[in-house]
Amino acid sequence: MAEAYSSLAKPTILVVEDEAALLTLLRYNLEKQGFRVEEAADGQEALLRVAEARPDLVLLDWMLPALSGIEVCRQLRRRPGTRDLPIIMVTARTEDQDAVRALDTGADDYIAKPFVMDALLARIRALLRRSGGVATKGVLAYRDLTMDQDAHRVARGGRALHLGPTEYRLLEFFLQHPGRVFSREQLLDGVWGRDIHVEPRTVDVHIRRLRKAINGETEVDLIRTVRSAGYALDAEGH
Ligand code: CA
């Protein structure tokens, strides 16, 4: 029972799975159903891919290298930008206790491996229907800085700011992880995407532009430079 999506409203599913064969199988079946598929092979990568691909739903394996699925779920639920992101946990565990734990952590649904593909697809469609098909992006904020992702507007203390597209994405990425320090390489992955080759120094240029765009003369610098580590959206500790 294929429920085709028009190419305009193709929902994006982020599949987080460390078993390559299963990932391939999931991609094949999801694409056949009209979904756009993004992938991540471990928990850390999943968090970065969520920030850059902004999926409509995450299919999240429980047992993952780097960071477990439960921990990824917990972190996504803590962040304002992904608090309502639909998540289905996938796991080899079948105990009811684990299902409860997955749901307690904030997953919207749960399916145990091995699963029947049609059953998984039905759950994905049902969850997307519940969440209104495509997740709304909403408003991100840090201190007196706000970003309305739907209207694509940024303001500080009520004053409208004008950012170039790269500075906008950079700020959006920071707003999704306030206070966290990112290396230039992590920012390149999260903002530019890992398929694009950009010199790490390029990041410094855009950080400079972003600072100029968001910090008024008398305002606190919201970007913290962490020597030999990278940058953070952090007004403290200057
Ligand atoms: Ca696994």
# chains A, B, ... in the order shown; residues from 1 in each chain; ligands from 1
$ residues_near_ligand --ligand "ligand 1" --cutoff "7 Å" --atoms "only C-alpha atoms and all ligand atoms" --output "list in words"
Glu17, Asp18, Glu19, Asp61, Trp62, Met63 and Leu64 of chain A
$ residues_around --residues "Ile223 of chain A" --least-positions-apart "2" --cutoff "12 Å" --atoms "only C-alpha atoms" --output "ChimeraX atom specification"
/A:142-143,145,170-171,174-175,178-182,204,206-215,219-221,225-226,230-238
$ select_by_dssp --residues "segment 128-193 of chain A" --states "helix (DSSP H, G or I)" --output "ChimeraX atom specification"
/A:128-130,165-176,184-192
$ atom_distance --atom1 "atom CA of Arg123 of chain A" --atom2 "atom CA of Val58 of chain A"
12.0 Å
$ closest_residue --among "A:Gln75, A:Thr218, A:Ser68, A:Thr166" --to "Met89 of chain A" --atoms "only C-alpha atoms"
A:Ser68
$ closest_residue --among "A:Arg169, A:Arg27, A:Val16, A:Pro114" --to "Ala40 of chain A" --atoms "only C-alpha atoms"
A:Val16
$ closest_residue --among "A:Arg74, A:Arg184, A:Arg49, A:Arg201" --to "Asp104 of chain A" --atoms "only C-alpha atoms"
A:Arg74
$ closest_residue --among "A:Leu161, A:Cys73, A:Met117, A:Ala122" --to "Leu103 of chain A" --atoms "only C-alpha atoms"
A:Cys73
$ residues_around --residues "Val154 of chain A" --least-positions-apart "6" --cutoff "9 Å" --atoms "only C-alpha atoms" --output "list in words"
Leu145, Thr146, Met147, Asp148, Ala160, Leu161, His162, Leu163, Tyr168 and Ile214 of chain A
$ atom_distance --atom1 "atom CA of Glu45 of chain A" --atom2 "atom CA of Leu60 of chain A"
11.9 Å
$ atom_distance --atom1 "atom CA of Ala151 of chain A" --atom2 "atom CA of Pro86 of chain A"
22.0 Å
$ closest_residue --among "A:Arg153, A:Arg36, A:Arg101, A:His177" --to "Ala53 of chain A" --atoms "only C-alpha atoms"
A:Arg36
$ closest_residue --among "A:Val198, A:Val90, A:Leu59, A:Ala112" --to "Val37 of chain A" --atoms "only C-alpha atoms"
A:Leu59
$ select_by_dssp --residues "segment 31-133 of chain A" --states "strand (DSSP E)" --output "list in words"
Arg36, Val37, Glu38, Glu39, Ala40, Leu57, Val58, Leu59, Leu60, Asp61, Ile87, Ile88, Met89, Val90, Thr91, Asp109, Tyr110, Ile111 and Ala112 of chain A
$ write_last_selection --atoms "N, CA, C and O atoms" --output "CSV table (one decimal), in the first residue's frame"
chain,number,residue,atom,x,y,z
A,36,ARG,N,12.9,11.1,1.0
A,36,ARG,CA,14.2,11.5,0.8
A,36,ARG,C,15.0,10.9,2.0
A,36,ARG,O,14.5,10.9,3.1
A,37,VAL,N,16.2,10.3,1.7
A,37,VAL,CA,16.9,9.6,2.8
A,37,VAL,C,18.2,10.2,3.1
A,37,VAL,O,19.0,10.5,2.2
A,38,GLU,N,18.5,10.5,4.4
A,38,GLU,CA,19.8,11.0,4.8
A,38,GLU,C,20.3,9.9,5.7
A,38,GLU,O,19.5,9.2,6.4
A,39,GLU,N,21.6,9.7,5.9
A,39,GLU,CA,22.1,8.7,6.7
A,39,GLU,C,23.2,9.1,7.7
A,39,GLU,O,23.9,10.1,7.4
A,40,ALA,N,23.3,8.4,8.8
A,40,ALA,CA,24.4,8.6,9.7
A,40,ALA,C,24.7,7.2,10.3
A,40,ALA,O,23.8,6.4,10.5
A,57,LEU,N,11.8,13.2,10.2
A,57,LEU,CA,11.7,12.1,11.1
A,57,LEU,C,13.1,11.4,11.2
A,57,LEU,O,13.8,11.4,10.2
A,58,VAL,N,13.4,10.9,12.4
A,58,VAL,CA,14.6,10.1,12.6
A,58,VAL,C,14.3,8.7,12.9
A,58,VAL,O,13.5,8.4,13.8
A,59,LEU,N,14.9,7.8,12.2
A,59,LEU,CA,14.8,6.4,12.5
A,59,LEU,C,16.1,6.0,13.2
A,59,LEU,O,17.2,6.1,12.6
A,60,LEU,N,16.1,5.8,14.5
A,60,LEU,CA,17.3,5.8,15.3
A,60,LEU,C,17.6,4.4,15.9
A,60,LEU,O,16.8,3.9,16.7
A,61,ASP,N,18.7,3.8,15.5
A,61,ASP,CA,19.1,2.5,16.0
A,61,ASP,C,19.5,2.7,17.5
A,61,ASP,O,20.1,3.8,17.8
A,87,ILE,N,10.8,10.8,16.3
A,87,ILE,CA,11.8,9.8,16.5
A,87,ILE,C,11.2,8.4,16.6
A,87,ILE,O,10.4,8.2,17.5
A,88,ILE,N,11.7,7.5,15.8
A,88,ILE,CA,11.3,6.1,16.0
A,88,ILE,C,12.6,5.3,16.4
A,88,ILE,O,13.6,5.4,15.7
A,89,MET,N,12.6,4.7,17.6
A,89,MET,CA,13.8,3.9,18.0
A,89,MET,C,13.7,2.5,17.4
A,89,MET,O,12.7,1.9,17.4
A,90,VAL,N,14.9,2.1,16.9
A,90,VAL,CA,15.0,0.7,16.4
A,90,VAL,C,16.0,-0.1,17.2
A,90,VAL,O,17.1,0.4,17.5
A,91,THR,N,15.6,-1.3,17.6
A,91,THR,CA,16.5,-2.0,18.5
A,91,THR,C,16.4,-3.5,18.4
A,91,THR,O,15.4,-4.0,17.9
A,109,ASP,N,8.0,6.5,19.0
A,109,ASP,CA,7.6,5.1,18.7
A,109,ASP,C,8.8,4.2,18.8
A,109,ASP,O,9.9,4.7,18.9
A,110,TYR,N,8.6,2.9,18.7
A,110,TYR,CA,9.6,1.9,19.0
A,110,TYR,C,9.3,0.7,18.1
A,110,TYR,O,8.2,0.3,18.0
A,111,ILE,N,10.3,0.2,17.5
A,111,ILE,CA,10.2,-1.1,16.8
A,111,ILE,C,11.4,-2.0,17.0
A,111,ILE,O,12.5,-1.5,17.1
A,112,ALA,N,11.1,-3.3,17.2
A,112,ALA,CA,12.2,-4.2,17.6
A,112,ALA,C,12.7,-4.9,16.3
A,112,ALA,O,11.9,-5.3,15.4
$ decode --residues "segment 12-26 of chain A" --atoms "all heavy atoms" --output "JSON list (two decimals), in the first residue's frame"
[["chain", "number", "residue", "atom", "x", "y", "z"],
["A", 12, "THR", "N", 11.88, 14.09, 4.57],
["A", 12, "THR", "CA", 13.24, 13.58, 4.70],
["A", 12, "THR", "C", 13.33, 12.71, 5.95],
["A", 12, "THR", "O", 12.94, 13.13, 7.03],
["A", 12, "THR", "CB", 14.23, 14.75, 4.83],
["A", 12, "THR", "OG1", 14.14, 15.54, 3.65],
["A", 12, "THR", "CG2", 15.66, 14.25, 4.99],
["A", 13, "ILE", "N", 13.84, 11.49, 5.77],
["A", 13, "ILE", "CA", 14.04, 10.59, 6.91],
["A", 13, "ILE", "C", 15.53, 10.46, 7.14],
["A", 13, "ILE", "O", 16.28, 10.14, 6.21],
["A", 13, "ILE", "CB", 13.49, 9.16, 6.60],
["A", 13, "ILE", "CG1", 12.09, 9.21, 5.99],
["A", 13, "ILE", "CG2", 13.55, 8.29, 7.86],
["A", 13, "ILE", "CD1", 10.97, 9.45, 6.93],
["A", 14, "LEU", "N", 15.97, 10.71, 8.36],
["A", 14, "LEU", "CA", 17.37, 10.45, 8.70],
["A", 14, "LEU", "C", 17.44, 9.05, 9.29],
["A", 14, "LEU", "O", 16.83, 8.77, 10.32],
["A", 14, "LEU", "CB", 17.89, 11.48, 9.71],
["A", 14, "LEU", "CG", 19.30, 11.20, 10.25],
["A", 14, "LEU", "CD1", 20.36, 11.27, 9.15],
["A", 14, "LEU", "CD2", 19.64, 12.18, 11.37],
["A", 15, "VAL", "N", 18.17, 8.16, 8.61],
["A", 15, "VAL", "CA", 18.33, 6.80, 9.09],
["A", 15, "VAL", "C", 19.66, 6.70, 9.81],
["A", 15, "VAL", "O", 20.72, 6.91, 9.22],
["A", 15, "VAL", "CB", 18.27, 5.78, 7.93],
["A", 15, "VAL", "CG1", 18.41, 4.36, 8.46],
["A", 15, "VAL", "CG2", 16.99, 5.93, 7.13],
["A", 16, "VAL", "N", 19.62, 6.41, 11.11],
["A", 16, "VAL", "CA", 20.84, 6.27, 11.89],
["A", 16, "VAL", "C", 21.03, 4.79, 12.17],
["A", 16, "VAL", "O", 20.27, 4.18, 12.93],
["A", 16, "VAL", "CB", 20.75, 7.05, 13.22],
["A", 16, "VAL", "CG1", 22.10, 7.03, 13.93],
["A", 16, "VAL", "CG2", 20.30, 8.49, 12.97],
["A", 17, "GLU", "N", 22.01, 4.21, 11.50],
["A", 17, "GLU", "CA", 22.19, 2.75, 11.55],
["A", 17, "GLU", "C", 23.64, 2.42, 11.23],
["A", 17, "GLU", "O", 24.18, 2.91, 10.25],
["A", 17, "GLU", "CB", 21.23, 2.12, 10.51],
["A", 17, "GLU", "CG", 21.36, 0.63, 10.34],
["A", 17, "GLU", "CD", 21.12, -0.13, 11.63],
["A", 17, "GLU", "OE1", 20.00, -0.11, 12.14],
["A", 17, "GLU", "OE2", 22.09, -0.74, 12.15],
["A", 18, "ASP", "N", 24.26, 1.60, 12.07],
["A", 18, "ASP", "CA", 25.67, 1.27, 11.84],
["A", 18, "ASP", "C", 25.86, -0.02, 11.04],
["A", 18, "ASP", "O", 26.98, -0.34, 10.66],
["A", 18, "ASP", "CB", 26.44, 1.19, 13.16],
["A", 18, "ASP", "CG", 25.84, 0.18, 14.13],
["A", 18, "ASP", "OD1", 24.59, 0.12, 14.22],
["A", 18, "ASP", "OD2", 26.60, -0.53, 14.78],
["A", 19, "GLU", "N", 24.77, -0.75, 10.77],
["A", 19, "GLU", "CA", 24.90, -1.95, 9.93],
["A", 19, "GLU", "C", 24.67, -1.54, 8.48],
["A", 19, "GLU", "O", 23.55, -1.20, 8.09],
["A", 19, "GLU", "CB", 23.85, -2.98, 10.31],
["A", 19, "GLU", "CG", 24.16, -3.74, 11.58],
["A", 19, "GLU", "CD", 22.95, -4.56, 12.03],
["A", 19, "GLU", "OE1", 22.42, -5.32, 11.20],
["A", 19, "GLU", "OE2", 22.54, -4.39, 13.18],
["A", 20, "ALA", "N", 25.76, -1.61, 7.70],
["A", 20, "ALA", "CA", 25.70, -1.11, 6.32],
["A", 20, "ALA", "C", 24.62, -1.79, 5.48],
["A", 20, "ALA", "O", 23.90, -1.14, 4.72],
["A", 20, "ALA", "CB", 27.06, -1.26, 5.65],
["A", 21, "ALA", "N", 24.48, -3.11, 5.66],
["A", 21, "ALA", "CA", 23.52, -3.85, 4.83],
["A", 21, "ALA", "C", 22.08, -3.41, 5.15],
["A", 21, "ALA", "O", 21.25, -3.23, 4.25],
["A", 21, "ALA", "CB", 23.67, -5.36, 5.06],
["A", 22, "LEU", "N", 21.81, -3.19, 6.43],
["A", 22, "LEU", "CA", 20.47, -2.76, 6.83],
["A", 22, "LEU", "C", 20.20, -1.33, 6.36],
["A", 22, "LEU", "O", 19.10, -0.99, 5.92],
["A", 22, "LEU", "CB", 20.32, -2.88, 8.35],
["A", 22, "LEU", "CG", 18.94, -2.50, 8.92],
["A", 22, "LEU", "CD1", 17.81, -3.28, 8.24],
["A", 22, "LEU", "CD2", 18.90, -2.73, 10.42],
["A", 23, "LEU", "N", 21.23, -0.52, 6.42],
["A", 23, "LEU", "CA", 21.11, 0.87, 5.96],
["A", 23, "LEU", "C", 20.74, 0.91, 4.48],
["A", 23, "LEU", "O", 19.84, 1.65, 4.06],
["A", 23, "LEU", "CB", 22.45, 1.58, 6.20],
["A", 23, "LEU", "CG", 22.51, 3.08, 6.01],
["A", 23, "LEU", "CD1", 21.49, 3.78, 6.89],
["A", 23, "LEU", "CD2", 23.90, 3.60, 6.36],
["A", 24, "THR", "N", 21.40, 0.07, 3.69],
["A", 24, "THR", "CA", 21.13, 0.00, 2.25],
["A", 24, "THR", "C", 19.70, -0.45, 2.00],
["A", 24, "THR", "O", 18.98, 0.12, 1.18],
["A", 24, "THR", "CB", 22.12, -0.98, 1.58],
["A", 24, "THR", "OG1", 23.44, -0.56, 1.90],
["A", 24, "THR", "CG2", 21.93, -1.02, 0.08],
["A", 25, "LEU", "N", 19.28, -1.45, 2.75],
["A", 25, "LEU", "CA", 17.92, -1.98, 2.60],
["A", 25, "LEU", "C", 16.87, -0.92, 2.98],
["A", 25, "LEU", "O", 15.86, -0.75, 2.30],
["A", 25, "LEU", "CB", 17.77, -3.21, 3.51],
["A", 25, "LEU", "CG", 16.46, -3.98, 3.42],
["A", 25, "LEU", "CD1", 16.36, -4.68, 2.07],
["A", 25, "LEU", "CD2", 16.34, -4.98, 4.56],
["A", 26, "LEU", "N", 17.14, -0.21, 4.06],
["A", 26, "LEU", "CA", 16.21, 0.84, 4.50],
["A", 26, "LEU", "C", 16.15, 1.97, 3.48],
["A", 26, "LEU", "O", 15.07, 2.44, 3.13],
["A", 26, "LEU", "CB", 16.63, 1.39, 5.87],
["A", 26, "LEU", "CG", 16.35, 0.46, 7.05],
["A", 26, "LEU", "CD1", 17.10, 0.93, 8.29],
["A", 26, "LEU", "CD2", 14.85, 0.40, 7.34]]
